[in-house]
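Working notes, structure below.
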Amino acid sequence: MKAICLISAVALWMLCGCRENERLIYDHKMHDIYYSDVTETRDSMYVSLLAAEENLVAEVKISMLGNVLSEPRRFKAEVVEDRTDAIEGVHYQKLPEYYEFPAGEFSYAMPVVLLKGAPGLTEKPVTLTLRLVETEELGVAYADRAEIRLQIADMLRKPEGDGYYGNMTVFKKLFGEYSRTKHLMIIEMVGHDFWDHPEYSPNDLYYQEAYYTPYARRLYKIITSSTILDENGKVMQGWMVP
């Protein structure tokens, strides 16, 4: 009797296990997208217009959950009005009706055109919140990774954080003491600000250290080979370059 009960229990477990596993089977037809830069602790990206001559095309990273597409498919992004104070036509260009996720790729850089010259952006940023919208061609993978906030400004964003991974900690390791003048020199040398590099998301300096090390050495030579004053009239000094 005990043996029969044991066999029945095992059979029930196997049946339930099979049903559970059926829900976990990978569906090759699944094609759902989400914002790559949104995590449990971060829901925004900072975009500076400072280095842009006119307008700037911000690239918002989107990832594919599921198999790659055999042909391009359309998806939609909409502005979340109650979480946005950026103004269409003033701070950003109207979004297209649809975007197109390319075939054969697991990621796509969704372009958002930001407009330079709006009054107030040199004093404080504005927010543009975007939400992915499911279409007949593509679904949305995660509800909590379907929205992202773009913090748009036309001013320097000073690195912050003095911990081991802090942006200011890494800045000082690379470039010595911070100054606005030095920050502008780095932007002119590199061609973009720390927060605008599309290959390094979420653009924390800790993850960009190797990328910026050659620029740090070049800046060191420039500063130590002549007398350069910072914004306060203080002569900038050399530092221990990596």
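Labels used: A, B, ... for chains in the order of the structure tokens, numbers from 1 for residues in each chain, and numbers from 1 for ligands as shown.
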Closest atom pairs, stretch 85-169 of chain A residues within 10 Å of stretch 49-70 of chain A, only C-alpha atoms, as a Markdown table:
```
| residue | atom | partner | partner_atom | distance |
| --- | --- | --- | --- | --- |
| A:His91 | CA | A:Asn55 | CA | 9.7 |
| A:Tyr92 | CA | A:Asn55 | CA | 9.0 |
| A:Gln93 | CA | A:Asn55 | CA | 9.5 |
| A:Phe101 | CA | A:Leu69 | CA | 8.3 |
| A:Pro102 | CA | A:Leu69 | CA | 7.2 |
| A:Ala103 | CA | A:Leu69 | CA | 4.5 |
| A:Gly104 | CA | A:Val68 | CA | 5.1 |
| A:Glu105 | CA | A:Val68 | CA | 5.7 |
| A:Phe106 | CA | A:Met64 | CA | 5.0 |
| A:Ser107 | CA | A:Ser63 | CA | 4.3 |
| A:Tyr108 | CA | A:Ile62 | CA | 5.2 |
| A:Ala109 | CA | A:Lys61 | CA | 4.6 |
| A:Met110 | CA | A:Val60 | CA | 4.9 |
| A:Pro111 | CA | A:Glu59 | CA | 4.8 |
| A:Val112 | CA | A:Ala58 | CA | 5.1 |
| A:Val113 | CA | A:Val57 | CA | 4.5 |
| A:Leu114 | CA | A:Leu56 | CA | 5.2 |
| A:Leu115 | CA | A:Asn55 | CA | 4.8 |
| A:Lys116 | CA | A:Asn55 | CA | 5.2 |
| A:Gly117 | CA | A:Glu54 | CA | 8.0 |
| A:Leu121 | CA | A:Leu49 | CA | 8.8 |
| A:Thr122 | CA | A:Leu50 | CA | 8.7 |
| A:Leu130 | CA | A:Val60 | CA | 9.9 |
| A:Leu132 | CA | A:Ile62 | CA | 9.6 |
| A:Leu138 | CA | A:Met64 | CA | 9.6 |
| A:Gly139 | CA | A:Leu65 | CA | 9.5 |
| A:Val140 | CA | A:Leu65 | CA | 8.9 |
| A:Ala141 | CA | A:Leu65 | CA | 6.6 |
| A:Tyr142 | CA | A:Leu65 | CA | 9.6 |
| A:Arg145 | CA | A:Ile62 | CA | 10.0 |
| A:Ala146 | CA | A:Ile62 | CA | 9.6 |
| A:Ile148 | CA | A:Val60 | CA | 8.8 |
| A:Leu150 | CA | A:Val60 | CA | 8.9 |
| A:Ile152 | CA | A:Leu49 | CA | 7.4 |
| A:Ala153 | CA | A:Leu49 | CA | 6.1 |
| A:Asp154 | CA | A:Leu49 | CA | 4.6 |
| A:Met155 | CA | A:Leu50 | CA | 5.6 |
| A:Leu156 | CA | A:Leu50 | CA | 7.1 |
| A:Arg157 | CA | A:Leu50 | CA | 9.8 |
```
Practice problem: Could you tell me how far atom CA of A:Val90 lies from atom CA of A:Asp43, in Å and to one decimal? | Solution: 23.4 Å
Practice problem: Name all residues at most 12 Å from A:Glu177 (count only C-alpha atoms; drop same-chain ones fewer than 3 positions away) and give them as a PyMOL selection string. | Solution: chain A and resi 159+168-174+180-183+220+230+234-241
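Proximity to A:Glu134 was assessed for A:Ala77, A:Val47, A:Leu184, A:Ile223 counting only C-alpha atoms; the smallest distance is recorded for A:Ala77.
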Quiz item: How many Å lie between atom CA of A:Glu78 and atom CA of A:Pro125, rounded to one decimal?
Solution: 20.1 Å
Practice problem: Determine which residues of stretch 2-210 of chain A DSSP labels as strand (DSSP E) from the backbone of this structure, then write them out as number ranges by chain. | Solution: A: 31-35, 44-48, 56-66, 73-79, 99-101, 107-114, 126-133, 139-140, 147-153
Exercise. Can you work out the spacing between atom CA of A:Ala210 and atom CA of A:Glu188 in Å, to one decimal?
Key: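 Value for the atom CA of A:Ala210-atom CA of A:Glu188 distance: 18.7 Å.
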Exercise. Pick out each residue of stretch 36-166 of chain A that DSSP on the backbone tags as helix (DSSP H, G or I); I need them as a VMD selection string.
Key: chain A and resid 81 to 83 143 to 145
Exercise. Name the closest residue to A:Ser179 among the candidates A:Glu160, A:Asp144, A:Glu137, A:Glu231; distances are taken between atoms, counting only C-alpha atoms.
Key: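 Checking each candidate against A:Ser179, we get A:Glu231 as the closest.
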